[in-house]
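S.K.: Handing over work.txt, compact mmCIF, C-alpha atoms.
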# COMPACT_ATOMS: atom_id res chain seq x y z
CA MET A 1 -8.32 -36.41 62.31
CA GLN A 2 -5.48 -38.81 61.51
CA ASN A 3 -5.34 -37.56 57.91
CA SER A 4 -5.17 -33.96 59.15
CA ILE A 5 -2.21 -34.79 61.39
CA ARG A 6 -0.41 -36.50 58.49
CA THR A 7 -1.05 -33.49 56.24
CA LEU A 8 0.29 -31.09 58.88
CA ALA A 9 3.37 -33.25 59.42
CA LEU A 10 4.04 -33.34 55.67
CA LEU A 11 3.74 -29.56 55.39
CA LEU A 12 6.17 -29.10 58.29
CA CYS A 13 8.65 -31.50 56.71
CA VAL A 14 8.49 -29.66 53.39
CA HIS A 15 8.87 -26.28 55.10
CA TYR A 16 11.88 -27.29 57.17
CA GLY A 17 13.50 -29.33 54.42
CA PHE A 18 13.39 -32.82 55.94
CA THR A 19 11.29 -34.57 53.29
CA ALA A 20 13.07 -37.72 52.06
CA GLY A 21 16.31 -36.42 53.57
CA VAL A 22 16.51 -33.52 51.10
CA PRO A 23 17.92 -30.29 52.63
CA LYS A 24 15.95 -27.09 52.40
CA PRO A 25 16.73 -25.41 49.05
CA GLN A 26 19.39 -22.69 49.12
CA ASP A 27 18.22 -19.08 48.94
CA THR A 28 19.29 -18.37 45.39
CA THR A 29 18.89 -14.61 45.82
CA ILE A 30 22.02 -14.24 47.98
CA ARG A 31 25.63 -15.29 47.46
CA ASP A 32 27.17 -18.33 49.12
CA CYS A 33 30.92 -17.85 49.37
CA ASN A 34 31.36 -21.08 51.35
CA ALA A 35 30.07 -23.23 48.50
CA ASN A 36 32.50 -24.97 46.15
CA PRO A 37 32.49 -23.29 43.74
CA PRO A 38 31.07 -20.11 45.34
CA TYR A 39 27.50 -19.32 44.35
CA ILE A 40 26.96 -15.82 42.92
CA PRO A 41 23.37 -14.66 42.20
CA LEU A 42 22.53 -12.96 38.92
CA THR A 43 21.93 -9.70 40.81
CA ALA A 44 25.59 -9.47 41.89
CA LYS A 45 28.28 -7.47 40.10
CA ILE A 46 31.35 -9.44 39.04
CA SER A 47 34.06 -7.12 40.30
CA THR A 48 37.25 -9.08 39.58
CA GLU A 49 38.44 -7.01 36.61
CA ASP A 50 37.72 -3.65 38.24
CA LEU A 51 39.41 -4.71 41.48
CA ASN A 52 42.47 -5.90 39.57
CA ASN A 53 42.64 -2.58 37.73
CA LEU A 54 42.35 -0.64 41.00
CA ARG A 55 45.10 -2.70 42.62
CA HIS A 56 47.31 -2.13 39.59
CA GLN A 57 46.90 1.62 40.07
CA MET A 58 47.54 1.25 43.80
CA ARG A 59 50.84 -0.51 43.13
CA GLN A 60 51.79 2.12 40.57
CA HIS A 61 51.36 4.82 43.22
CA ASN A 62 52.74 2.83 46.19
CA ILE A 63 49.36 2.72 47.94
CA SER A 64 48.68 -0.29 50.15
CA ALA A 65 45.04 0.42 50.98
CA TYR A 66 42.30 2.55 49.46
CA ILE A 67 39.03 3.76 51.04
CA ILE A 68 35.89 4.55 49.02
CA PRO A 69 32.97 6.17 50.90
CA ALA A 70 29.41 6.56 49.61
CA THR A 71 29.31 10.33 49.39
CA ASP A 72 30.24 13.24 47.14
CA PRO A 73 32.24 16.46 47.63
CA HIS A 74 29.10 18.09 49.08
CA MET A 75 28.80 15.33 51.72
CA GLY A 76 25.45 14.44 50.20
CA GLY A 77 23.52 11.22 50.59
CA TYR A 78 21.72 11.33 47.22
CA LEU A 79 24.42 10.88 44.63
CA ALA A 80 24.54 11.68 40.95
CA GLU A 81 25.46 8.65 38.88
CA ARG A 82 28.99 9.97 38.26
CA GLU A 83 29.57 10.14 42.05
CA ARG A 84 28.60 6.53 42.81
CA ARG A 85 32.16 5.29 43.18
CA ARG A 86 31.55 2.59 45.76
CA GLN A 87 28.51 1.31 43.88
CA TRP A 88 30.47 1.12 40.62
CA LEU A 89 33.28 -0.88 42.19
CA THR A 90 31.31 -3.22 44.46
CA GLY A 91 27.83 -3.45 42.94
CA PHE A 92 26.31 -2.57 46.34
CA THR A 93 23.72 0.22 45.95
CA GLY A 94 22.81 0.87 49.60
CA SER A 95 22.89 4.52 50.65
CA SER A 96 25.12 3.80 53.66
CA GLY A 97 28.41 1.98 53.48
CA THR A 98 32.13 2.32 52.83
CA ALA A 99 34.44 0.09 50.80
CA ALA A 100 38.07 -0.60 51.70
CA VAL A 101 40.55 -2.33 49.42
CA THR A 102 44.03 -3.61 50.21
CA LEU A 103 46.37 -5.45 47.87
CA THR A 104 44.98 -8.82 48.99
CA ARG A 105 41.52 -8.23 50.49
CA ALA A 106 38.43 -6.08 49.98
CA ALA A 107 35.50 -5.31 52.28
CA VAL A 108 32.30 -3.32 52.47
CA PHE A 109 31.24 -1.90 55.84
CA THR A 110 27.53 -1.21 56.33
CA ASP A 111 24.78 -1.37 58.92
CA SER A 112 22.01 -3.94 59.44
CA ARG A 113 19.56 -2.26 57.07
CA TYR A 114 21.66 -3.38 54.11
CA TRP A 115 23.18 -6.76 55.03
CA ILE A 116 20.85 -8.86 52.87
CA GLN A 117 21.00 -6.36 50.02
CA ALA A 118 24.80 -6.47 50.07
CA GLU A 119 24.76 -10.29 49.94
CA ARG A 120 22.59 -10.07 46.83
CA GLN A 121 24.64 -7.44 45.02
CA MET A 122 28.29 -8.30 45.75
CA ASP A 123 30.41 -11.19 44.52
CA CYS A 124 32.80 -13.12 46.73
CA ASN A 125 35.70 -10.73 46.17
CA TRP A 126 34.14 -8.69 48.97
CA GLU A 127 33.91 -9.37 52.68
CA LEU A 128 30.78 -8.01 54.33
CA GLN A 129 31.68 -6.25 57.57
CA LYS A 130 28.45 -5.84 59.52
CA ILE A 131 29.36 -2.56 61.16
CA LEU A 132 30.05 0.95 59.92
CA SER A 133 32.45 3.21 61.78
CA THR A 134 35.76 4.88 61.08
CA SER A 135 37.47 2.97 63.86
CA GLU A 136 36.32 -0.43 62.56
CA ILE A 137 37.51 0.36 59.04
CA VAL A 138 40.92 1.39 60.35
CA SER A 139 41.08 -1.68 62.61
CA TRP A 140 40.42 -3.87 59.55
CA ILE A 141 43.07 -2.14 57.43
CA LEU A 142 45.97 -1.71 59.88
CA PRO A 143 46.86 -5.40 60.45
CA GLN A 144 47.37 -5.74 56.70
CA LEU A 145 49.92 -2.92 56.51
CA ASN A 146 53.61 -2.62 57.26
CA ASP A 147 55.44 0.38 58.68
CA GLY A 148 55.63 3.11 56.08
CA ASP A 149 52.73 1.84 53.97
CA GLU A 150 50.37 4.49 52.65
CA ILE A 151 46.56 4.62 52.61
CA GLY A 152 44.86 6.38 49.71
CA PHE A 153 41.55 8.23 49.60
CA ASP A 154 39.91 11.21 47.91
CA PRO A 155 40.21 14.08 50.43
CA PHE A 156 37.14 15.79 48.97
CA LEU A 157 34.96 12.87 50.08
CA PHE A 158 35.77 13.07 53.80
CA SER A 159 34.52 15.61 56.32
CA ILE A 160 36.64 17.62 58.74
CA GLY A 161 34.82 15.75 61.49
CA GLY A 162 36.12 12.46 60.16
CA SER A 163 39.65 13.85 60.26
CA ILE A 164 39.23 14.88 63.91
CA GLU A 165 37.97 11.38 64.69
CA THR A 166 41.05 9.81 63.13
CA ILE A 167 43.51 12.18 64.82
CA ALA A 168 41.91 11.66 68.24
CA ARG A 169 42.20 7.86 68.02
CA GLN A 170 45.62 7.65 66.38
CA ALA A 171 47.69 7.17 69.55
CA LEU A 172 45.44 4.34 70.76
CA TRP A 173 45.32 2.66 67.34
CA GLU A 174 49.12 2.55 67.26
CA VAL A 175 49.13 0.29 70.34
CA GLY A 176 46.11 -1.78 69.33
CA LEU A 177 43.54 0.04 71.49
CA ASN A 178 40.37 2.00 70.79
CA TYR A 179 37.29 3.44 72.48
CA GLY A 180 33.72 2.49 71.71
CA HIS A 181 31.99 5.86 71.42
CA GLY A 182 32.05 8.81 69.06
CA THR A 183 34.76 11.39 69.61
CA GLY A 184 32.30 14.25 69.79
CA HIS A 185 28.83 15.63 69.16
CA GLY A 186 27.15 18.91 68.36
CA ILE A 187 25.97 21.27 71.11
CA GLY A 188 23.44 24.08 71.29
CA ASN A 189 20.65 23.10 68.91
CA PHE A 190 17.22 22.82 70.60
CA PHE A 191 18.99 22.36 73.96
CA ALA A 192 19.42 18.63 73.39
CA VAL A 193 22.42 16.72 74.72
CA HIS A 194 23.69 14.81 71.69
CA GLU A 195 23.01 16.71 68.49
CA TRP A 196 24.29 16.58 64.95
CA PRO A 197 26.96 15.94 64.04
CA VAL A 198 26.63 13.07 66.52
CA GLY A 199 29.97 11.30 66.32
CA LEU A 200 32.50 13.28 64.35
CA GLN A 201 33.01 10.29 62.05
CA THR A 202 29.82 11.05 60.11
CA ASN A 203 30.27 12.11 56.49
CA ASN A 204 26.72 13.43 56.11
CA ILE A 205 27.00 16.54 58.29
CA ALA A 206 29.78 18.97 57.42
CA LEU A 207 31.22 21.12 60.21
CA GLN A 208 30.47 24.78 59.54
CA LYS A 209 31.66 28.08 60.97
CA GLY A 210 29.86 28.89 64.23
CA MET A 211 29.01 25.31 65.19
CA PHE A 212 29.89 24.07 68.67
CA THR A 213 31.04 20.50 69.18
CA SER A 214 32.44 18.42 71.98
CA ILE A 215 35.76 16.62 71.50
CA GLU A 216 35.98 13.80 74.03
CA PRO A 217 38.36 10.90 73.37
CA GLY A 218 38.69 8.27 76.07
CA TYR A 219 40.50 5.20 77.32
CA TYR A 220 38.78 2.36 79.18
CA HIS A 221 40.35 -0.61 80.94
CA ASP A 222 37.54 -3.14 81.27
CA GLY A 223 36.70 -3.90 84.87
CA HIS A 224 39.16 -1.35 86.22
CA PHE A 225 38.76 2.29 85.19
CA GLY A 226 37.99 4.69 82.40
CA ILE A 227 39.25 8.14 81.45
CA ARG A 228 37.54 10.63 79.18
CA ILE A 229 38.89 14.09 78.33
CA GLU A 230 36.18 16.48 77.17
CA ASP A 231 36.56 19.88 75.56
CA ILE A 232 34.02 22.12 73.86
CA ALA A 233 35.21 23.70 70.61
CA VAL A 234 33.75 26.28 68.26
CA VAL A 235 34.30 25.89 64.53
CA VAL A 236 36.04 28.90 62.99
CA GLU A 237 37.21 29.71 59.51
CA ALA A 238 40.77 28.50 58.92
CA GLU A 239 43.44 31.16 58.56
CA THR A 240 45.58 28.81 56.49
CA LYS A 241 44.29 27.70 53.12
CA VAL A 242 45.20 24.15 52.10
CA THR A 243 45.15 23.00 48.51
CA CYS A 244 44.87 19.27 47.79
CA HIS A 245 46.37 17.78 44.62
Here is the file; what I need is its structure written in the form of structure tokens.

M.R.:
Amino acid sequence: MQNSIRTLALLLCVHYGFTAGVPKPQDTTIRDCNANPPYIPLTAKISTEDLNNLRHQMRQHNISAYIIPATDPHMGGYLAERERRRQWLTGFTGSSGTAAVTLTRAAVFTDSRYWIQAERQMDCNWELQKILSTSEIVSWILPQLNDGDEIGFDPFLFSIGGSIETIARQALWEVGLNYGHGTGHGIGNFFAVHEWPVGLQTNNIALQKGMFTSIEPGYYHDGHFGIRIEDIAVVVEAETKVTCH
């Protein structure tokens, strides 16, 4: 019995890393940016050169921030190799996530399904922001900009819904405020309440002629009151054609 207790105690010590005062070994499959020097696993992409080249181009074109989503001009989720822009730059291969680069910082925004994967695939040039929403990306970028600075992106990689989301929040963003829900959602499919595109910020569902959607920005003062303005809109074909260069 005594030997069994000693064996169990030894196993517990080994498992929790207390044997002979030796700490539990580091998980060598994920990066450790707090180490000196930082630890980068073999599975991570070293992005320094590509980031420097991107920032050089940004300076050449007077761009202070650049946004790279994980989509293609068809708003698809399964990308041809030539469309994997974010993956090429960051090394992160998850299907959901957006990269943002300023002249001094870089970050990837993704949800909890991919946090460990991102830590294995990115080097320490990249911050991991454990949330994915248009408002959070903008909130991360804006404090790094000055009045008149420009943000760059490929307009063919963003949905009309994402543009509505940005326009609806702009006035609040300018005074450091925001609201914590999507700006709108689809209406009329299977008589559900919140239907696709749920949250106009999504890049995976393109707005099409004949769709109905709510547009409902809000303002909330914690502990006091909240205001939400809701309209129902139908998507129609634009009378004005816009060409992007």

S.K.: Hey, what's within 9 Å of region 60-66 of chain A if we count all atoms listed in the file and toss same-chain stuff fewer than 5 positions away? As a ChimeraX atom specification, please?

M.R.: /A:55,99-103,141,144-146,149-153

S.K.: With distances taken over all atoms listed in the file, which of A:Pro143, A:Gly188, A:Gly161, A:Gly148 is nearest to Trp173 (chain A)?

M.R.: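 Going through A:Pro143, A:Gly188, A:Gly161, A:Gly148 one by one, the smallest distance to Trp173 (chain A) is for A:Pro143.
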
S.K.: Between A:Ser139, A:Ile67, A:Pro73, A:Ser163, which is the closest to Arg86 (chain A) once you count all atoms listed in the file?

M.R.: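 Among the listed residues, the smallest separation from Arg86 (chain A) belongs to A:Ile67.
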
S.K.: Could you state the separation of CA of Ser135 (chain A) and CA of Glu230 (chain A) in Å, given to one decimal place?

M.R.: 19.0 Å

S.K.: Residues near region 32-44 of chain A, anyone? I mean within 6 Å using all atoms listed in the file, not counting same-chain ones fewer than 4 positions away, as a list in words.

M.R.: Arg120, Gln121, Met122, Asp123 and Cys124 of chain A

S.K.: Report, as lines of an AutoDock Vina configuration file, the centre and edge lengths in Å (one decimal) of the axis-aligned box enclosing every listed atom of region 221-231 of chain A, padded by 8 Å on each side.

M.R.:
center_x = 38.3
center_y = 8.0
center_z = 80.9
size_x = 20.2
size_y = 39.8
size_z = 26.7

S.K.: For each of A:Met58, A:Ile46, A:Val138, A:Ile116, take the minimum atom-to-atom distance to Thr98 (chain A), counting all atoms listed in the file, then give the residue where this is smallest.

M.R.: A:Val138

S.K.: Can you work out the spacing between CA of Asn125 (chain A) and CA of Leu79 (chain A) in Å, to one decimal?

M.R.: 24.4 Å

S.K.: One decimal, Å: what's the distance from CA of Glu174 (chain A) over to CA of Gly218 (chain A), could you say?

M.R.: 14.8 Å

S.K.: Which of these residues is nearest to Gln170 (chain A), using all atoms listed in the file: A:Leu200, A:Asp111, A:Ala106, A:Pro217?

M.R.: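 Nearest to Gln170 (chain A): A:Pro217.
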
S.K.: Looking at only C-alpha atoms, which of A:Tyr114, A:Trp126, A:Trp88, A:Phe156 is the one that sits closest to Asp72 (chain A)?

M.R.: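 The shortest atom-to-atom distance to Asp72 (chain A) comes from A:Phe156.
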
S.K.: Which is closest to Val175 (chain A) among A:Val235, A:Leu142, A:Leu51, A:Ala80, if we use all atoms listed in the file?

M.R.: A:Leu142

S.K.: Could you tell me, as an mmCIF file with C-alpha atoms, keeping the file's coordinate frame, which residues have any atom at most 12 Å from (30.0, 28.5, 59.7), counting all atoms listed in the file?

M.R.:
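Result file out-v3.cif:
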data_model
loop_
_atom_site.group_PDB
_atom_site.id
_atom_site.type_symbol
_atom_site.label_atom_id
_atom_site.label_comp_id
_atom_site.auth_asym_id
_atom_site.auth_seq_id
_atom_site.Cartn_x
_atom_site.Cartn_y
_atom_site.Cartn_z
ATOM 1 C CA ALA A 206 29.780 18.970 57.420
ATOM 2 C CA LEU A 207 31.220 21.120 60.210
ATOM 3 C CA GLN A 208 30.470 24.780 59.540
ATOM 4 C CA LYS A 209 31.660 28.080 60.970
ATOM 5 C CA GLY A 210 29.860 28.890 64.230
ATOM 6 C CA MET A 211 29.010 25.310 65.190
ATOM 7 C CA PHE A 212 29.890 24.070 68.670
ATOM 8 C CA VAL A 234 33.750 26.280 68.260
ATOM 9 C CA VAL A 235 34.300 25.890 64.530
ATOM 10 C CA VAL A 236 36.040 28.900 62.990
ATOM 11 C CA GLU A 237 37.210 29.710 59.510
ATOM 12 C CA ALA A 238 40.770 28.500 58.920
#
